Amino acid sequence: MNPIALVTGARGGIGRALCAQLQSQGWQVAAVGRDAPALADVPAQLHLAADTTTPEGAATAIALCREKLGVPTRLAHCVGSTLIAPLHRSKPEQMREVLRVNLDSALYMLGAWVEALREPPQPGAAVFVSSVVAGIGVANHEAIAAAKGGIEALVRSAAASYAMQGLRVNAVAPGMTDTPMTAAMLKQPAMREAAGKQYPLGGVQTAEEVAGVMAWLLSDAAARLTGQVLPVDGGFTKIRPLVR
């Protein structure tokens, strides 16, 4: 039987690409977003409205998926936002919002998913979205770096807690990715070229490239990986571009 995957943040660039890839591989996909009608064109068998930044919303997403498709043994949590500003120019309400959307939602969604697979115990795989800014210092990213760093710590701890049950928990840490969230930063050719020069492999990666790594982490091909954060960043966090 093909796996059932719950993909949150499915309206975003990476979430949408992941839904398309999983469905093309024959998976049963439940796409989750705050507004179900806005998900209508996302490739999925099921479109669910739920606000996963609250514990009630996370539980609702799991419950609806279980009722209509079955228990999702795969979870891809793609909910996220960003804030590019130095700490002294970040308002408390902006920082709280970044933590709410990124870290709170990850905690609540992982908790609801684990609970669904505990009775009766079932194996499964989950993947989260961190960022390169959690692994290397990038100016003007303090709030989002804190939120994504929390996600990486969550992944490692949960992977240890639930390994004996056969639950795998991993994350990807993308660099600059061409999505609706980054559209304003990449709209001018000069801006896109400057961004691409930061990466040793050059250019700006696509949402499909990030989604491909996530799909692999959810698959049985990655059966021996848990507690890992895989940079999908063209070498940004490990090597420096060759200056010509």
# chains A, B, ... in the order shown; residues from 1 in each chain; ligands from 1
>>> closest_atom_pairs(of="range 101-210 of chain A", to="range 52-63 of chain A", cutoff="10 Å", atoms="only C-alpha atoms", output="tab-separated table")
residue	atom	partner	partner_atom	distance
A:Val101	CA	A:Thr53	CA	5.8
A:Asn102	CA	A:Thr53	CA	8.0
A:Leu103	CA	A:Thr53	CA	8.5
A:Asp104	CA	A:Thr53	CA	5.8
A:Ser105	CA	A:Thr53	CA	4.0
A:Ala106	CA	A:Thr53	CA	7.8
A:Leu107	CA	A:Pro55	CA	8.7
A:Tyr108	CA	A:Pro55	CA	5.1
A:Met109	CA	A:Ala58	CA	5.1
A:Leu110	CA	A:Ala58	CA	8.5
A:Gly111	CA	A:Ala58	CA	8.4
A:Ala112	CA	A:Ala59	CA	5.4
A:Trp113	CA	A:Ile62	CA	6.7
A:Glu115	CA	A:Ala59	CA	9.3
A:Ala116	CA	A:Ile62	CA	7.4
>>> write_last_selection(atoms="N, CA, C and O atoms", output="PDB file, in the first residue's frame")
ATOM      1  N   VAL A 101       5.129  31.056  13.842  1.00  0.00           N
ATOM      2  CA  VAL A 101       4.897  30.403  12.553  1.00  0.00           C
ATOM      3  C   VAL A 101       5.883  29.264  12.326  1.00  0.00           C
ATOM      4  O   VAL A 101       5.508  28.191  11.843  1.00  0.00           O
ATOM      5  N   ASN A 102       7.127  29.465  12.675  1.00  0.00           N
ATOM      6  CA  ASN A 102       8.154  28.463  12.385  1.00  0.00           C
ATOM      7  C   ASN A 102       8.294  27.418  13.482  1.00  0.00           C
ATOM      8  O   ASN A 102       8.103  26.221  13.234  1.00  0.00           O
ATOM      9  N   LEU A 103       8.623  27.843  14.699  1.00  0.00           N
ATOM     10  CA  LEU A 103       8.952  26.885  15.755  1.00  0.00           C
ATOM     11  C   LEU A 103       7.715  26.319  16.443  1.00  0.00           C
ATOM     12  O   LEU A 103       7.620  25.101  16.652  1.00  0.00           O
ATOM     13  N   ASP A 104       6.756  27.175  16.807  1.00  0.00           N
ATOM     14  CA  ASP A 104       5.544  26.674  17.464  1.00  0.00           C
ATOM     15  C   ASP A 104       4.838  25.647  16.587  1.00  0.00           C
ATOM     16  O   ASP A 104       4.420  24.577  17.061  1.00  0.00           O
ATOM     17  N   SER A 105       4.711  25.962  15.309  1.00  0.00           N
ATOM     18  CA  SER A 105       3.988  25.050  14.416  1.00  0.00           C
ATOM     19  C   SER A 105       4.706  23.709  14.309  1.00  0.00           C
ATOM     20  O   SER A 105       4.071  22.655  14.246  1.00  0.00           O
ATOM     21  N   ALA A 106       6.039  23.745  14.297  1.00  0.00           N
ATOM     22  CA  ALA A 106       6.803  22.490  14.216  1.00  0.00           C
ATOM     23  C   ALA A 106       6.590  21.643  15.465  1.00  0.00           C
ATOM     24  O   ALA A 106       6.398  20.424  15.390  1.00  0.00           O
ATOM     25  N   LEU A 107       6.624  22.267  16.628  1.00  0.00           N
ATOM     26  CA  LEU A 107       6.386  21.553  17.884  1.00  0.00           C
ATOM     27  C   LEU A 107       4.998  20.922  17.907  1.00  0.00           C
ATOM     28  O   LEU A 107       4.844  19.737  18.227  1.00  0.00           O
ATOM     29  N   TYR A 108       3.993  21.708  17.576  1.00  0.00           N
ATOM     30  CA  TYR A 108       2.616  21.213  17.642  1.00  0.00           C
ATOM     31  C   TYR A 108       2.358  20.123  16.609  1.00  0.00           C
ATOM     32  O   TYR A 108       1.703  19.116  16.891  1.00  0.00           O
ATOM     33  N   MET A 109       2.905  20.315  15.397  1.00  0.00           N
ATOM     34  CA  MET A 109       2.640  19.340  14.343  1.00  0.00           C
ATOM     35  C   MET A 109       3.347  18.029  14.620  1.00  0.00           C
ATOM     36  O   MET A 109       2.768  16.948  14.437  1.00  0.00           O
ATOM     37  N   LEU A 110       4.573  18.105  15.077  1.00  0.00           N
ATOM     38  CA  LEU A 110       5.296  16.873  15.398  1.00  0.00           C
ATOM     39  C   LEU A 110       4.624  16.142  16.556  1.00  0.00           C
ATOM     40  O   LEU A 110       4.481  14.910  16.525  1.00  0.00           O
ATOM     41  N   GLY A 111       4.184  16.892  17.553  1.00  0.00           N
ATOM     42  CA  GLY A 111       3.503  16.269  18.684  1.00  0.00           C
ATOM     43  C   GLY A 111       2.230  15.558  18.283  1.00  0.00           C
ATOM     44  O   GLY A 111       1.961  14.432  18.718  1.00  0.00           O
ATOM     45  N   ALA A 112       1.438  16.183  17.420  1.00  0.00           N
ATOM     46  CA  ALA A 112       0.189  15.569  16.970  1.00  0.00           C
ATOM     47  C   ALA A 112       0.460  14.334  16.127  1.00  0.00           C
ATOM     48  O   ALA A 112      -0.255  13.322  16.230  1.00  0.00           O
ATOM     49  N   TRP A 113       1.487  14.393  15.289  1.00  0.00           N
ATOM     50  CA  TRP A 113       1.829  13.255  14.434  1.00  0.00           C
ATOM     51  C   TRP A 113       2.327  12.072  15.254  1.00  0.00           C
ATOM     52  O   TRP A 113       1.908  10.935  15.041  1.00  0.00           O
ATOM     53  N   GLU A 115       1.668  11.403  18.328  1.00  0.00           N
ATOM     54  CA  GLU A 115       0.532  10.857  19.083  1.00  0.00           C
ATOM     55  C   GLU A 115      -0.312   9.937  18.206  1.00  0.00           C
ATOM     56  O   GLU A 115      -0.793   8.894  18.660  1.00  0.00           O
ATOM     57  N   ALA A 116      -0.480  10.306  16.939  1.00  0.00           N
ATOM     58  CA  ALA A 116      -1.296   9.493  16.036  1.00  0.00           C
ATOM     59  C   ALA A 116      -0.658   8.139  15.752  1.00  0.00           C
ATOM     60  O   ALA A 116      -1.358   7.167  15.452  1.00  0.00           O
TER      61      ALA A 116
END
>>> closest_atom_pairs(of="range 108-196 of chain A", to="range 205-224 of chain A", cutoff="9 Å", atoms="only C-alpha atoms", output="JSON lines")
{"residue": "A:Gly124", "atom": "CA", "partner": "A:Leu218", "partner_atom": "CA", "distance": 8.3}
{"residue": "A:Ala125", "atom": "CA", "partner": "A:Leu218", "partner_atom": "CA", "distance": 5.5}
{"residue": "A:Ala126", "atom": "CA", "partner": "A:Leu218", "partner_atom": "CA", "distance": 6.5}
{"residue": "A:Val127", "atom": "CA", "partner": "A:Met214", "partner_atom": "CA", "distance": 6.5}
{"residue": "A:Phe128", "atom": "CA", "partner": "A:Met214", "partner_atom": "CA", "distance": 8.3}
{"residue": "A:Val129", "atom": "CA", "partner": "A:Met214", "partner_atom": "CA", "distance": 8.8}
{"residue": "A:Arg168", "atom": "CA", "partner": "A:Ala223", "partner_atom": "CA", "distance": 7.9}
{"residue": "A:Val169", "atom": "CA", "partner": "A:Leu217", "partner_atom": "CA", "distance": 9.0}
{"residue": "A:Asn170", "atom": "CA", "partner": "A:Leu217", "partner_atom": "CA", "distance": 7.3}
{"residue": "A:Ala171", "atom": "CA", "partner": "A:Met214", "partner_atom": "CA", "distance": 7.8}
{"residue": "A:Val172", "atom": "CA", "partner": "A:Met214", "partner_atom": "CA", "distance": 6.9}
{"residue": "A:Ala173", "atom": "CA", "partner": "A:Val210", "partner_atom": "CA", "distance": 8.9}
{"residue": "A:Pro174", "atom": "CA", "partner": "A:Val210", "partner_atom": "CA", "distance": 6.9}
{"residue": "A:Gly175", "atom": "CA", "partner": "A:Gln205", "partner_atom": "CA", "distance": 7.8}
{"residue": "A:Met176", "atom": "CA", "partner": "A:Gln205", "partner_atom": "CA", "distance": 6.8}
{"residue": "A:Thr177", "atom": "CA", "partner": "A:Gln205", "partner_atom": "CA", "distance": 5.0}
{"residue": "A:Asp178", "atom": "CA", "partner": "A:Thr206", "partner_atom": "CA", "distance": 5.2}
{"residue": "A:Thr179", "atom": "CA", "partner": "A:Ala207", "partner_atom": "CA", "distance": 6.4}
{"residue": "A:Gly196", "atom": "CA", "partner": "A:Gln205", "partner_atom": "CA", "distance": 8.6}
>>> write_last_selection(atoms="C-alpha atoms", output="tab-separated table (two decimals), in the first residue's frame")
chain	number	residue	atom	x	y	z
A	124	GLY	CA	7.01	6.50	10.09
A	125	ALA	CA	9.15	9.37	8.82
A	126	ALA	CA	8.92	13.13	9.24
A	127	VAL	CA	10.90	15.93	7.62
A	128	PHE	CA	11.06	19.59	8.60
A	129	VAL	CA	12.40	22.72	6.93
A	168	ARG	CA	12.57	8.83	11.77
A	169	VAL	CA	12.77	12.63	12.14
A	170	ASN	CA	15.01	14.70	9.86
A	171	ALA	CA	15.20	18.16	8.33
A	172	VAL	CA	16.52	19.99	5.32
A	173	ALA	CA	18.27	23.35	5.59
A	174	PRO	CA	17.83	25.16	2.27
A	175	GLY	CA	19.80	28.10	1.03
A	176	MET	CA	18.19	30.77	-1.12
A	177	THR	CA	15.38	29.06	-2.99
A	178	ASP	CA	13.22	30.45	-5.77
A	179	THR	CA	9.75	30.50	-4.19
A	196	GLY	CA	23.64	33.19	-6.98
>>> atom_distance(atom1="CA of Ile239 in chain A", atom2="CA of Pro86 in chain A")
24.9 Å
>>> residues_around(residues="Ile144 in chain A", least_positions_apart="5", cutoff="12 Å", atoms="only C-alpha atoms", output="PDB file with N, CA and C atoms, in the first residue's frame")
ATOM      1  N   GLY A  80       6.240  28.021   7.160  1.00  0.00           N
ATOM      2  CA  GLY A  80       7.350  28.890   7.526  1.00  0.00           C
ATOM      3  C   GLY A  80       7.142  30.322   7.079  1.00  0.00           C
ATOM      4  N   SER A  81       7.966  31.190   7.653  1.00  0.00           N
ATOM      5  CA  SER A  81       7.989  32.605   7.279  1.00  0.00           C
ATOM      6  C   SER A  81       9.418  33.074   7.512  1.00  0.00           C
ATOM      7  N   THR A  82       9.694  34.327   7.214  1.00  0.00           N
ATOM      8  CA  THR A  82      11.045  34.830   7.458  1.00  0.00           C
ATOM      9  C   THR A  82      10.985  36.264   7.954  1.00  0.00           C
ATOM     10  N   LEU A  83      12.093  36.722   8.490  1.00  0.00           N
ATOM     11  CA  LEU A  83      12.252  38.114   8.913  1.00  0.00           C
ATOM     12  C   LEU A  83      13.715  38.459   8.703  1.00  0.00           C
ATOM     13  N   ILE A  84      13.961  39.357   7.777  1.00  0.00           N
ATOM     14  CA  ILE A  84      15.332  39.772   7.496  1.00  0.00           C
ATOM     15  C   ILE A  84      15.505  41.185   8.038  1.00  0.00           C
ATOM     16  N   ALA A  85      16.084  41.252   9.216  1.00  0.00           N
ATOM     17  CA  ALA A  85      16.298  42.527   9.901  1.00  0.00           C
ATOM     18  C   ALA A  85      17.237  42.280  11.067  1.00  0.00           C
ATOM     19  N   PRO A  86      18.128  43.235  11.379  1.00  0.00           N
ATOM     20  CA  PRO A  86      18.970  43.062  12.565  1.00  0.00           C
ATOM     21  C   PRO A  86      18.112  43.114  13.826  1.00  0.00           C
ATOM     22  N   LEU A  87      18.640  42.568  14.896  1.00  0.00           N
ATOM     23  CA  LEU A  87      17.859  42.453  16.123  1.00  0.00           C
ATOM     24  C   LEU A  87      17.357  43.805  16.619  1.00  0.00           C
ATOM     25  N   SER A  90      14.186  44.771  14.920  1.00  0.00           N
ATOM     26  CA  SER A  90      13.108  43.771  14.929  1.00  0.00           C
ATOM     27  C   SER A  90      12.192  44.049  16.115  1.00  0.00           C
ATOM     28  N   GLN A  94       7.119  41.220  15.826  1.00  0.00           N
ATOM     29  CA  GLN A  94       7.654  40.555  14.638  1.00  0.00           C
ATOM     30  C   GLN A  94       8.420  39.284  15.014  1.00  0.00           C
ATOM     31  N   MET A  95       9.221  39.373  16.067  1.00  0.00           N
ATOM     32  CA  MET A  95       9.990  38.211  16.503  1.00  0.00           C
ATOM     33  C   MET A  95       9.079  37.111  17.016  1.00  0.00           C
ATOM     34  N   ARG A  96       8.063  37.493  17.769  1.00  0.00           N
ATOM     35  CA  ARG A  96       7.121  36.496  18.279  1.00  0.00           C
ATOM     36  C   ARG A  96       6.388  35.800  17.141  1.00  0.00           C
ATOM     37  N   GLU A  97       6.057  36.558  16.099  1.00  0.00           N
ATOM     38  CA  GLU A  97       5.364  35.978  14.948  1.00  0.00           C
ATOM     39  C   GLU A  97       6.245  34.968  14.219  1.00  0.00           C
ATOM     40  N   VAL A  98       7.521  35.292  14.050  1.00  0.00           N
ATOM     41  CA  VAL A  98       8.443  34.366  13.397  1.00  0.00           C
ATOM     42  C   VAL A  98       8.567  33.072  14.201  1.00  0.00           C
ATOM     43  N   LEU A  99       8.665  33.181  15.512  1.00  0.00           N
ATOM     44  CA  LEU A  99       8.747  31.994  16.360  1.00  0.00           C
ATOM     45  C   LEU A  99       7.446  31.194  16.306  1.00  0.00           C
ATOM     46  N   ARG A 100       6.315  31.897  16.286  1.00  0.00           N
ATOM     47  CA  ARG A 100       5.015  31.224  16.244  1.00  0.00           C
ATOM     48  C   ARG A 100       4.855  30.417  14.959  1.00  0.00           C
ATOM     49  N   VAL A 101       5.129  31.056  13.842  1.00  0.00           N
ATOM     50  CA  VAL A 101       4.897  30.403  12.553  1.00  0.00           C
ATOM     51  C   VAL A 101       5.883  29.264  12.326  1.00  0.00           C
ATOM     52  N   ASN A 102       7.127  29.465  12.675  1.00  0.00           N
ATOM     53  CA  ASN A 102       8.154  28.463  12.385  1.00  0.00           C
ATOM     54  C   ASN A 102       8.294  27.418  13.482  1.00  0.00           C
ATOM     55  N   LEU A 103       8.623  27.843  14.699  1.00  0.00           N
ATOM     56  CA  LEU A 103       8.952  26.885  15.755  1.00  0.00           C
ATOM     57  C   LEU A 103       7.715  26.319  16.443  1.00  0.00           C
ATOM     58  N   SER A 130      14.411  23.641   7.897  1.00  0.00           N
ATOM     59  CA  SER A 130      15.218  24.601   8.631  1.00  0.00           C
ATOM     60  C   SER A 130      15.737  25.637   7.636  1.00  0.00           C
ATOM     61  N   SER A 131      16.948  26.112   7.811  1.00  0.00           N
ATOM     62  CA  SER A 131      17.537  27.107   6.916  1.00  0.00           C
ATOM     63  C   SER A 131      19.042  27.122   7.128  1.00  0.00           C
ATOM     64  N   VAL A 132      19.760  27.544   6.106  1.00  0.00           N
ATOM     65  CA  VAL A 132      21.207  27.677   6.258  1.00  0.00           C
ATOM     66  C   VAL A 132      21.573  28.657   7.371  1.00  0.00           C
ATOM     67  N   VAL A 133      20.697  29.608   7.671  1.00  0.00           N
ATOM     68  CA  VAL A 133      21.037  30.619   8.678  1.00  0.00           C
ATOM     69  C   VAL A 133      21.040  30.050  10.093  1.00  0.00           C
ATOM     70  N   ALA A 134      20.549  28.820  10.270  1.00  0.00           N
ATOM     71  CA  ALA A 134      20.636  28.163  11.574  1.00  0.00           C
ATOM     72  C   ALA A 134      21.999  27.518  11.779  1.00  0.00           C
ATOM     73  N   GLY A 135      22.732  27.317  10.686  1.00  0.00           N
ATOM     74  CA  GLY A 135      24.008  26.611  10.781  1.00  0.00           C
ATOM     75  C   GLY A 135      25.223  27.489  10.577  1.00  0.00           C
ATOM     76  N   GLY A 137      26.426  31.856  10.609  1.00  0.00           N
ATOM     77  CA  GLY A 137      25.976  33.222  10.894  1.00  0.00           C
ATOM     78  C   GLY A 137      25.794  34.037   9.633  1.00  0.00           C
ATOM     79  N   VAL A 138      24.584  34.540   9.434  1.00  0.00           N
ATOM     80  CA  VAL A 138      24.270  35.417   8.310  1.00  0.00           C
ATOM     81  C   VAL A 138      23.675  36.698   8.883  1.00  0.00           C
ATOM     82  N   ALA A 139      24.243  37.824   8.537  1.00  0.00           N
ATOM     83  CA  ALA A 139      23.817  39.095   9.111  1.00  0.00           C
ATOM     84  C   ALA A 139      22.333  39.353   8.882  1.00  0.00           C
ATOM     85  N   GLY A 149      16.944  27.355  14.294  1.00  0.00           N
ATOM     86  CA  GLY A 149      17.825  26.605  15.179  1.00  0.00           C
ATOM     87  C   GLY A 149      17.036  25.763  16.161  1.00  0.00           C
ATOM     88  N   GLY A 150      15.906  26.293  16.614  1.00  0.00           N
ATOM     89  CA  GLY A 150      15.029  25.519  17.488  1.00  0.00           C
ATOM     90  C   GLY A 150      14.465  24.299  16.792  1.00  0.00           C
ATOM     91  N   ILE A 151      14.127  24.440  15.516  1.00  0.00           N
ATOM     92  CA  ILE A 151      13.625  23.295  14.750  1.00  0.00           C
ATOM     93  C   ILE A 151      14.690  22.208  14.654  1.00  0.00           C
TER      94      ILE A 151
END
>>> atom_distance(atom1="CA of Arg34 in chain A", atom2="CA of Gly12 in chain A")
11.5 Å
>>> atom_distance(atom1="CA of Leu69 in chain A", atom2="CA of Gln165 in chain A")
22.5 Å
>>> closest_residue(among="A:Val243, A:Ala145, A:Leu230, A:Met164", to="Pro200 in chain A", atoms="only C-alpha atoms")
A:Val243
>>> select_by_dssp(residues="range 48-237 of chain A", states="helix (DSSP H, G or I)", output="MDAnalysis selection string")
chainID A and resid 55:68 87:89 92:118 132:134 142:165 180:186 189:196 207:218 220:222
>>> write_last_selection(atoms="C-alpha atoms", output="short mmCIF file (atom, residue, chain, number, x, y, z; two decimals), in the first residue's frame")
data_model
loop_
_atom_site.label_atom_id
_atom_site.label_comp_id
_atom_site.auth_asym_id
_atom_site.auth_seq_id
_atom_site.Cartn_x
_atom_site.Cartn_y
_atom_site.Cartn_z
CA PRO A 55 -2.12 22.69 18.98
CA GLU A 56 -5.80 22.45 18.06
CA GLY A 57 -5.08 23.09 14.40
CA ALA A 58 -2.30 20.51 14.30
CA ALA A 59 -4.57 17.92 15.90
CA THR A 60 -7.33 18.79 13.43
CA ALA A 61 -5.03 18.23 10.44
CA ILE A 62 -4.10 14.77 11.70
CA ALA A 63 -7.69 13.87 12.59
CA LEU A 64 -9.09 14.91 9.20
CA CYS A 65 -6.38 13.03 7.35
CA ARG A 66 -7.02 9.91 9.42
CA GLU A 67 -10.76 10.15 8.80
CA LYS A 68 -10.56 10.69 5.04
CA LEU A 87 17.86 42.45 16.12
CA HIS A 88 17.79 46.15 17.05
CA ARG A 89 15.32 46.79 14.22
CA PRO A 92 8.90 42.18 19.66
CA GLU A 93 5.69 41.35 17.82
CA GLN A 94 7.65 40.56 14.64
CA MET A 95 9.99 38.21 16.50
CA ARG A 96 7.12 36.50 18.28
CA GLU A 97 5.36 35.98 14.95
CA VAL A 98 8.44 34.37 13.40
CA LEU A 99 8.75 31.99 16.36
CA ARG A 100 5.02 31.22 16.24
CA VAL A 101 4.90 30.40 12.55
CA ASN A 102 8.15 28.46 12.39
CA LEU A 103 8.95 26.88 15.75
CA ASP A 104 5.54 26.67 17.46
CA SER A 105 3.99 25.05 14.42
CA ALA A 106 6.80 22.49 14.22
CA LEU A 107 6.39 21.55 17.88
CA TYR A 108 2.62 21.21 17.64
CA MET A 109 2.64 19.34 14.34
CA LEU A 110 5.30 16.87 15.40
CA GLY A 111 3.50 16.27 18.68
CA ALA A 112 0.19 15.57 16.97
CA TRP A 113 1.83 13.26 14.43
CA VAL A 114 3.72 11.27 17.07
CA GLU A 115 0.53 10.86 19.08
CA ALA A 116 -1.30 9.49 16.04
CA LEU A 117 1.37 6.82 15.53
CA ARG A 118 1.72 5.79 19.17
CA VAL A 132 21.21 27.68 6.26
CA VAL A 133 21.04 30.62 8.68
CA ALA A 134 20.64 28.16 11.57
CA GLU A 142 18.69 36.80 14.19
CA ALA A 143 15.01 36.03 14.71
CA ILE A 144 14.61 33.50 11.93
CA ALA A 145 17.96 31.90 12.83
CA ALA A 146 16.69 31.40 16.39
CA ALA A 147 13.45 29.86 15.14
CA LYS A 148 15.13 27.52 12.66
CA GLY A 149 17.83 26.61 15.18
CA GLY A 150 15.03 25.52 17.49
CA ILE A 151 13.62 23.29 14.75
CA GLU A 152 16.99 21.60 14.31
CA ALA A 153 17.26 20.95 18.05
CA LEU A 154 13.70 19.60 18.04
CA VAL A 155 14.53 17.21 15.21
CA ARG A 156 17.53 15.76 17.03
CA SER A 157 15.72 15.31 20.34
CA ALA A 158 12.58 13.78 18.83
CA ALA A 159 14.68 11.46 16.69
CA ALA A 160 16.28 10.12 19.88
CA SER A 161 12.98 9.84 21.75
CA TYR A 162 11.13 7.85 19.09
CA ALA A 163 13.85 5.86 17.32
CA MET A 164 12.88 2.66 19.16
CA GLN A 165 9.37 2.97 17.71
CA PRO A 180 6.95 33.05 -3.75
CA MET A 181 8.50 33.96 -0.37
CA THR A 182 11.74 35.09 -2.01
CA ALA A 183 10.20 36.60 -5.14
CA ALA A 184 10.76 40.19 -4.02
CA MET A 185 14.45 39.50 -3.34
CA LEU A 186 14.98 37.91 -6.75
CA PRO A 189 18.23 40.17 -12.66
CA ALA A 190 21.06 41.92 -10.80
CA MET A 191 19.64 40.80 -7.45
CA ARG A 192 19.32 37.21 -8.67
CA GLU A 193 22.85 37.23 -10.04
CA ALA A 194 24.28 38.62 -6.79
CA ALA A 195 22.42 36.00 -4.76
CA GLY A 196 23.64 33.19 -6.98
CA ALA A 207 11.74 24.51 -4.90
CA GLU A 208 11.71 21.21 -6.79
CA GLU A 209 15.34 20.59 -5.87
CA VAL A 210 14.62 21.03 -2.16
CA ALA A 211 11.44 18.97 -2.42
CA GLY A 212 13.38 16.15 -4.04
CA VAL A 213 15.63 15.80 -1.01
CA MET A 214 12.63 15.91 1.31
CA ALA A 215 10.86 13.21 -0.68
CA TRP A 216 13.96 11.04 -0.43
CA LEU A 217 14.15 11.52 3.35
CA LEU A 218 10.54 10.38 3.63
CA ASP A 220 12.47 3.88 2.47
CA ALA A 221 15.70 4.71 0.62
CA ALA A 222 16.61 6.88 3.65
#
>>> closest_residue(among="A:Gly26, A:Pro37, A:Pro121, A:Gly203", to="Ala50 in chain A", atoms="only C-alpha atoms")
A:Pro37
>>> closest_residue(among="A:Thr237, A:Gln228, A:Gln23, A:Thr8", to="Leu201 in chain A", atoms="only C-alpha atoms")
A:Thr237
